[in-house]
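Visitor: Pasting target-v3.cif below, which is mmCIF, C-alpha atoms.
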```cif
data_structure
loop_
_atom_site.label_atom_id
_atom_site.label_comp_id
_atom_site.auth_asym_id
_atom_site.auth_seq_id
_atom_site.Cartn_x
_atom_site.Cartn_y
_atom_site.Cartn_z
CA MET F 1 9.42 -53.68 51.87
CA THR F 2 6.41 -53.66 49.59
CA LYS F 3 4.26 -50.60 49.10
CA ALA F 4 0.69 -51.25 48.08
CA ARG F 5 -2.45 -49.25 47.52
CA VAL F 6 -5.83 -50.75 48.34
CA ILE F 7 -8.94 -49.04 47.01
CA VAL F 8 -12.31 -49.92 48.53
CA THR F 9 -15.44 -48.76 46.72
CA LEU F 10 -19.12 -49.39 47.21
CA LYS F 11 -20.60 -52.02 44.90
CA ASN F 12 -22.86 -50.82 42.13
CA GLY F 13 -26.40 -50.44 43.37
CA VAL F 14 -25.43 -49.72 46.98
CA LEU F 15 -26.73 -46.31 48.03
CA ASP F 16 -24.02 -43.72 48.70
CA PRO F 17 -25.56 -40.80 50.60
CA GLN F 18 -22.13 -39.28 51.22
CA GLY F 19 -21.45 -39.22 47.47
CA LYS F 20 -24.88 -37.67 46.88
CA ALA F 21 -24.13 -34.98 49.47
CA ILE F 22 -20.84 -34.15 47.76
CA GLU F 23 -22.57 -34.04 44.37
CA SER F 24 -25.12 -31.63 45.78
CA ALA F 25 -22.43 -29.51 47.47
CA LEU F 26 -20.51 -29.25 44.19
CA GLY F 27 -23.71 -28.00 42.53
CA GLY F 28 -24.09 -25.43 45.30
CA LEU F 29 -20.53 -24.23 44.67
CA GLY F 30 -21.43 -23.57 41.04
CA PHE F 31 -19.97 -26.68 39.42
CA ALA F 32 -22.45 -27.61 36.69
CA GLY F 33 -22.42 -30.89 34.82
CA VAL F 34 -21.56 -33.24 37.67
CA ALA F 35 -23.42 -36.43 36.76
CA GLY F 36 -22.42 -38.50 39.76
CA VAL F 37 -20.06 -38.85 42.72
CA ARG F 38 -19.31 -42.02 44.68
CA GLN F 39 -16.94 -41.96 47.61
CA GLY F 40 -14.62 -44.76 48.63
CA LYS F 41 -11.55 -45.35 50.74
CA VAL F 42 -7.89 -45.77 49.94
CA PHE F 43 -5.30 -47.46 52.13
CA ASP F 44 -1.59 -47.05 51.49
CA VAL F 45 -0.04 -50.07 53.17
CA VAL F 46 3.65 -50.80 53.65
CA LEU F 47 4.47 -54.46 54.22
CA GLU F 48 7.78 -55.99 55.27
CA GLU F 49 7.11 -58.86 52.84
CA THR F 50 9.23 -58.46 49.70
CA ASP F 51 7.58 -61.10 47.48
CA PRO F 52 4.82 -59.28 45.55
CA ALA F 53 2.65 -62.40 45.22
CA LYS F 54 2.78 -63.10 48.98
CA ALA F 55 2.16 -59.43 49.72
CA GLU F 56 -0.92 -59.42 47.49
CA GLU F 57 -2.24 -62.57 49.15
CA ALA F 58 -1.78 -61.01 52.60
CA LEU F 59 -3.50 -57.81 51.46
CA ARG F 60 -6.41 -59.80 50.07
CA LYS F 61 -6.91 -61.41 53.47
CA MET F 62 -6.65 -58.01 55.19
CA CYS F 63 -9.36 -56.68 52.88
CA GLU F 64 -11.65 -59.63 53.53
CA GLN F 65 -11.18 -59.46 57.30
CA LEU F 66 -10.90 -55.74 58.05
CA LEU F 67 -10.44 -53.20 55.28
CA ALA F 68 -13.55 -53.91 53.22
CA ASN F 69 -17.06 -55.07 53.97
CA THR F 70 -17.33 -57.49 51.07
CA VAL F 71 -21.12 -57.64 51.33
CA ILE F 72 -21.41 -54.08 50.06
CA GLU F 73 -17.88 -53.14 48.97
CA ASP F 74 -15.40 -54.15 46.28
CA PHE F 75 -11.66 -53.81 46.71
CA SER F 76 -8.72 -53.59 44.35
CA ILE F 77 -5.07 -54.03 45.23
CA SER F 78 -2.15 -52.52 43.36
CA ILE F 79 1.39 -53.35 44.37
CA GLY F 80 4.37 -51.01 44.04
CA MET H 81 -19.39 -38.08 29.78
CA THR H 82 -16.00 -38.28 31.49
CA LYS H 83 -15.27 -40.70 34.31
CA ALA H 84 -12.54 -39.64 36.68
CA ARG H 85 -11.02 -40.89 39.91
CA VAL H 86 -9.74 -38.43 42.48
CA ILE H 87 -7.51 -39.73 45.27
CA VAL H 88 -6.97 -37.57 48.33
CA THR H 89 -4.20 -38.55 50.75
CA LEU H 90 -2.69 -36.92 53.81
CA LYS H 91 0.59 -35.12 53.15
CA ASN H 92 3.74 -36.73 54.49
CA GLY H 93 4.29 -35.74 58.09
CA VAL H 94 0.62 -35.22 58.88
CA LEU H 95 -0.45 -37.55 61.70
CA ASP H 96 -2.94 -40.23 60.66
CA PRO H 97 -4.48 -41.73 63.82
CA GLN H 98 -7.02 -43.65 61.71
CA GLY H 99 -4.20 -45.32 59.79
CA LYS H 100 -2.41 -46.12 63.05
CA ALA H 101 -5.60 -47.69 64.43
CA ILE H 102 -5.95 -49.88 61.33
CA GLU H 103 -2.29 -50.89 61.59
CA SER H 104 -2.82 -51.87 65.19
CA ALA H 105 -6.05 -53.75 64.37
CA LEU H 106 -4.26 -55.71 61.64
CA GLY H 107 -1.62 -56.70 64.19
CA GLY H 108 -4.39 -57.81 66.54
CA LEU H 109 -5.86 -60.00 63.78
CA GLY H 110 -2.51 -61.76 63.43
CA PHE H 111 -1.11 -59.98 60.38
CA ALA H 112 2.59 -59.61 61.10
CA GLY H 113 4.93 -57.42 59.12
CA VAL H 114 2.68 -54.43 58.54
CA ALA H 115 5.10 -51.51 58.55
CA GLY H 116 2.60 -48.73 58.00
CA VAL H 117 -0.96 -47.84 56.99
CA ARG H 118 -2.21 -44.43 55.85
CA GLN H 119 -5.84 -43.91 54.98
CA GLY H 120 -7.15 -41.59 52.31
CA LYS H 121 -10.29 -40.96 50.29
CA VAL H 122 -11.27 -41.78 46.75
CA PHE H 123 -13.96 -40.03 44.74
CA ASP H 124 -15.31 -41.52 41.51
CA VAL H 125 -16.76 -38.56 39.66
CA VAL H 126 -18.76 -38.60 36.43
CA LEU H 127 -18.78 -35.31 34.54
CA GLU H 128 -20.89 -34.33 31.55
CA GLU H 129 -17.84 -32.54 30.09
CA THR H 130 -16.32 -34.62 27.28
CA ASP H 131 -13.01 -32.73 26.82
CA PRO H 132 -10.50 -34.45 29.15
CA ALA H 133 -8.43 -31.27 29.65
CA LYS H 134 -11.49 -29.23 30.66
CA ALA H 135 -12.69 -32.07 32.88
CA GLU H 136 -9.34 -32.21 34.66
CA GLU H 137 -9.34 -28.45 35.15
CA ALA H 138 -12.85 -28.61 36.67
CA LEU H 139 -11.81 -31.50 38.94
CA ARG H 140 -8.76 -29.56 40.09
CA LYS H 141 -11.01 -26.69 41.17
CA MET H 142 -13.39 -29.12 42.90
CA CYS H 143 -10.45 -30.56 44.85
CA GLU H 144 -9.20 -27.14 45.87
CA GLN H 145 -12.65 -25.95 46.95
CA LEU H 146 -14.30 -29.02 48.42
CA LEU H 147 -12.78 -32.48 48.01
CA ALA H 148 -9.38 -31.89 49.58
CA ASN H 149 -8.04 -29.74 52.38
CA THR H 150 -4.89 -28.64 50.58
CA VAL H 151 -3.25 -27.51 53.82
CA ILE H 152 -2.87 -31.11 54.96
CA GLU H 153 -3.88 -33.21 51.94
CA ASP H 154 -2.58 -33.93 48.46
CA PHE H 155 -4.82 -34.96 45.59
CA SER H 156 -4.29 -36.78 42.32
CA ILE H 157 -6.69 -36.91 39.38
CA SER H 158 -6.88 -39.68 36.81
CA ILE H 159 -9.25 -39.39 33.89
CA GLY H 160 -10.95 -42.30 32.13
#
```
Now, as a test, write the supplied structure out as structure tokens.
Guide:
Amino acid sequence: MTKARVIVTLKNGVLDPQGKAIESALGGLGFAGVAGVRQGKVFDVVLEETDPAKAEEALRKMCEQLLANTVIEDFSISIG
Amino acid sequence: MTKARVIVTLKNGVLDPQGKAIESALGGLGFAGVAGVRQGKVFDVVLEETDPAKAEEALRKMCEQLLANTVIEDFSISIG
């Protein structure tokens, strides 16, 4: 079994209204000095594959086909 | 300025229908050997605070008050 964490974030320059809303809500709660918030997604994936290189290759394909929209999102994969 | 990443994940034992749907969709796309998927959220926060300890303390409060539902979610903070 291989445990992996995939993090999908919006590319720089892509508008993030959800992040802006959180930033504004934090201000409303009295948190000063918040210069920016961007929200992304995290996927904790467990694979039966035990070879880390093969697992990473499979995860890369999963990101390209389903987990991330590579037009507007970047993804990073960390194994283990 | 301090850059921080906050990761919010469902606690163990909390049902994650979104993760189950992704797991099923990956199977439908032909990815075999996916033993589990859990989805969480990531927040990239930029704070004006420069002291890492104070920044982490502020982020902890933000998680408790807004970013995470601590009844069903865990959060982790990494600075820098």
Visitor: To test your reading of the syntax: which residues would the PyMOL selection byres ((chain F) within 9 of (chain H)) return for the file shown? Reply as a PyMOL selection string.
Guide: chain F and resi 1+7-9+19+22-23+25-26+29+31-49+58+62+65-67
Visitor: At what distance in Å, to one decimal, does CA of Asp96 (chain H) lie from CA of Thr70 (chain F)?
Guide: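 Spanning CA of Thr70 (chain F) to CA of Asp96 (chain H) is a straight-line distance of 24.4 Å.
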Visitor: State, in Å with one decimal place, the distance from CA of Asp154 (chain H) to CA of Leu90 (chain H).
Guide: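 For CA of Asp154 (chain H) relative to CA of Leu90 (chain H), the distance reads 6.1 Å.
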Visitor: Name the residues in contact with Pro52 (chain F) at a cut-off of 9 Å, using all atoms listed in the file, excluding same-chain residues fewer than 5 positions from it; report them as a CSV table (one decimal) with C-alpha atoms, in the coordinates of the input.
Guide:
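Printed below is part_27.csv as written:
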```csv
chain,number,residue,atom,x,y,z
F,2,THR,CA,6.4,-53.7,49.6
F,57,GLU,CA,-2.2,-62.6,49.2
F,79,ILE,CA,1.4,-53.4,44.4
F,80,GLY,CA,4.4,-51.0,44.0
```
Visitor: As an exercise, work out the distance from CA of Leu15 (chain F) to CA of Ser76 (chain F) in Å and give it to one decimal place.
Guide: 19.8 Å
Visitor: Kindly output region 29-40 of chain F as a PDB file, in the coordinates of the input, after building all heavy atoms.
Guide:
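What follows is the written file selection-v5.pdb:
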```
ATOM      1  N   LEU F  29     -21.726 -25.050  44.880  1.00  0.00           N
ATOM      2  CA  LEU F  29     -20.530 -24.230  44.670  1.00  0.00           C
ATOM      3  C   LEU F  29     -20.448 -23.711  43.236  1.00  0.00           C
ATOM      4  O   LEU F  29     -19.497 -23.010  42.890  1.00  0.00           O
ATOM      5  CB  LEU F  29     -19.269 -25.040  44.990  1.00  0.00           C
ATOM      6  CG  LEU F  29     -18.977 -25.292  46.468  1.00  0.00           C
ATOM      7  CD1 LEU F  29     -17.857 -26.307  46.625  1.00  0.00           C
ATOM      8  CD2 LEU F  29     -18.604 -23.988  47.175  1.00  0.00           C
ATOM      9  N   GLY F  30     -21.398 -24.092  42.400  1.00  0.00           N
ATOM     10  CA  GLY F  30     -21.430 -23.570  41.040  1.00  0.00           C
ATOM     11  C   GLY F  30     -20.831 -24.501  39.992  1.00  0.00           C
ATOM     12  O   GLY F  30     -20.703 -24.125  38.829  1.00  0.00           O
ATOM     13  N   PHE F  31     -20.475 -25.728  40.406  1.00  0.00           N
ATOM     14  CA  PHE F  31     -19.970 -26.680  39.420  1.00  0.00           C
ATOM     15  C   PHE F  31     -21.154 -27.355  38.719  1.00  0.00           C
ATOM     16  O   PHE F  31     -21.863 -28.159  39.325  1.00  0.00           O
ATOM     17  CB  PHE F  31     -19.089 -27.744  40.083  1.00  0.00           C
ATOM     18  CG  PHE F  31     -17.792 -27.206  40.614  1.00  0.00           C
ATOM     19  CD1 PHE F  31     -17.621 -26.971  41.964  1.00  0.00           C
ATOM     20  CD2 PHE F  31     -16.744 -26.924  39.757  1.00  0.00           C
ATOM     21  CE1 PHE F  31     -16.429 -26.459  42.457  1.00  0.00           C
ATOM     22  CE2 PHE F  31     -15.546 -26.414  40.240  1.00  0.00           C
ATOM     23  CZ  PHE F  31     -15.390 -26.178  41.594  1.00  0.00           C
ATOM     24  N   ALA F  32     -21.358 -27.002  37.450  1.00  0.00           N
ATOM     25  CA  ALA F  32     -22.450 -27.610  36.690  1.00  0.00           C
ATOM     26  C   ALA F  32     -21.915 -28.870  36.014  1.00  0.00           C
ATOM     27  O   ALA F  32     -20.719 -29.044  35.847  1.00  0.00           O
ATOM     28  CB  ALA F  32     -22.976 -26.629  35.668  1.00  0.00           C
ATOM     29  N   GLY F  33     -22.818 -29.751  35.630  1.00  0.00           N
ATOM     30  CA  GLY F  33     -22.420 -30.890  34.820  1.00  0.00           C
ATOM     31  C   GLY F  33     -21.763 -32.018  35.596  1.00  0.00           C
ATOM     32  O   GLY F  33     -21.012 -32.815  35.028  1.00  0.00           O
ATOM     33  N   VAL F  34     -22.039 -32.096  36.899  1.00  0.00           N
ATOM     34  CA  VAL F  34     -21.560 -33.240  37.670  1.00  0.00           C
ATOM     35  C   VAL F  34     -22.660 -34.298  37.644  1.00  0.00           C
ATOM     36  O   VAL F  34     -23.735 -34.108  38.198  1.00  0.00           O
ATOM     37  CB  VAL F  34     -21.220 -32.851  39.123  1.00  0.00           C
ATOM     38  CG1 VAL F  34     -20.760 -34.077  39.906  1.00  0.00           C
ATOM     39  CG2 VAL F  34     -20.152 -31.776  39.151  1.00  0.00           C
ATOM     40  N   ALA F  35     -22.384 -35.420  36.962  1.00  0.00           N
ATOM     41  CA  ALA F  35     -23.420 -36.430  36.760  1.00  0.00           C
ATOM     42  C   ALA F  35     -23.462 -37.455  37.883  1.00  0.00           C
ATOM     43  O   ALA F  35     -24.454 -38.174  38.027  1.00  0.00           O
ATOM     44  CB  ALA F  35     -23.213 -37.123  35.419  1.00  0.00           C
ATOM     45  N   GLY F  36     -22.408 -37.530  38.670  1.00  0.00           N
ATOM     46  CA  GLY F  36     -22.420 -38.500  39.760  1.00  0.00           C
ATOM     47  C   GLY F  36     -21.135 -38.466  40.552  1.00  0.00           C
ATOM     48  O   GLY F  36     -20.075 -38.188  40.005  1.00  0.00           O
ATOM     49  N   VAL F  37     -21.245 -38.737  41.856  1.00  0.00           N
ATOM     50  CA  VAL F  37     -20.060 -38.850  42.720  1.00  0.00           C
ATOM     51  C   VAL F  37     -20.285 -40.057  43.628  1.00  0.00           C
ATOM     52  O   VAL F  37     -21.360 -40.212  44.210  1.00  0.00           O
ATOM     53  CB  VAL F  37     -19.865 -37.594  43.606  1.00  0.00           C
ATOM     54  CG1 VAL F  37     -18.652 -37.758  44.512  1.00  0.00           C
ATOM     55  CG2 VAL F  37     -19.732 -36.332  42.776  1.00  0.00           C
ATOM     56  N   ARG F  38     -19.279 -40.914  43.712  1.00  0.00           N
ATOM     57  CA  ARG F  38     -19.310 -42.020  44.680  1.00  0.00           C
ATOM     58  C   ARG F  38     -18.017 -41.940  45.478  1.00  0.00           C
ATOM     59  O   ARG F  38     -16.943 -41.753  44.917  1.00  0.00           O
ATOM     60  CB  ARG F  38     -19.369 -43.396  43.991  1.00  0.00           C
ATOM     61  CG  ARG F  38     -20.445 -43.519  42.956  1.00  0.00           C
ATOM     62  CD  ARG F  38     -21.623 -44.337  43.232  1.00  0.00           C
ATOM     63  NE  ARG F  38     -21.506 -45.650  43.773  1.00  0.00           N
ATOM     64  CZ  ARG F  38     -22.518 -46.221  44.447  1.00  0.00           C
ATOM     65  NH1 ARG F  38     -23.645 -45.548  44.660  1.00  0.00           N
ATOM     66  NH2 ARG F  38     -22.404 -47.445  44.899  1.00  0.00           N
ATOM     67  N   GLN F  39     -18.144 -42.046  46.786  1.00  0.00           N
ATOM     68  CA  GLN F  39     -16.940 -41.960  47.610  1.00  0.00           C
ATOM     69  C   GLN F  39     -16.495 -43.327  48.084  1.00  0.00           C
ATOM     70  O   GLN F  39     -17.315 -44.195  48.408  1.00  0.00           O
ATOM     71  CB  GLN F  39     -17.182 -41.057  48.836  1.00  0.00           C
ATOM     72  CG  GLN F  39     -15.879 -40.905  49.633  1.00  0.00           C
ATOM     73  CD  GLN F  39     -15.924 -39.867  50.717  1.00  0.00           C
ATOM     74  OE1 GLN F  39     -16.915 -39.189  50.915  1.00  0.00           O
ATOM     75  NE2 GLN F  39     -14.822 -39.733  51.434  1.00  0.00           N
ATOM     76  N   GLY F  40     -15.201 -43.521  48.103  1.00  0.00           N
ATOM     77  CA  GLY F  40     -14.620 -44.760  48.630  1.00  0.00           C
ATOM     78  C   GLY F  40     -13.436 -44.446  49.512  1.00  0.00           C
ATOM     79  O   GLY F  40     -13.218 -43.300  49.889  1.00  0.00           O
TER      80      GLY F  40
END
```
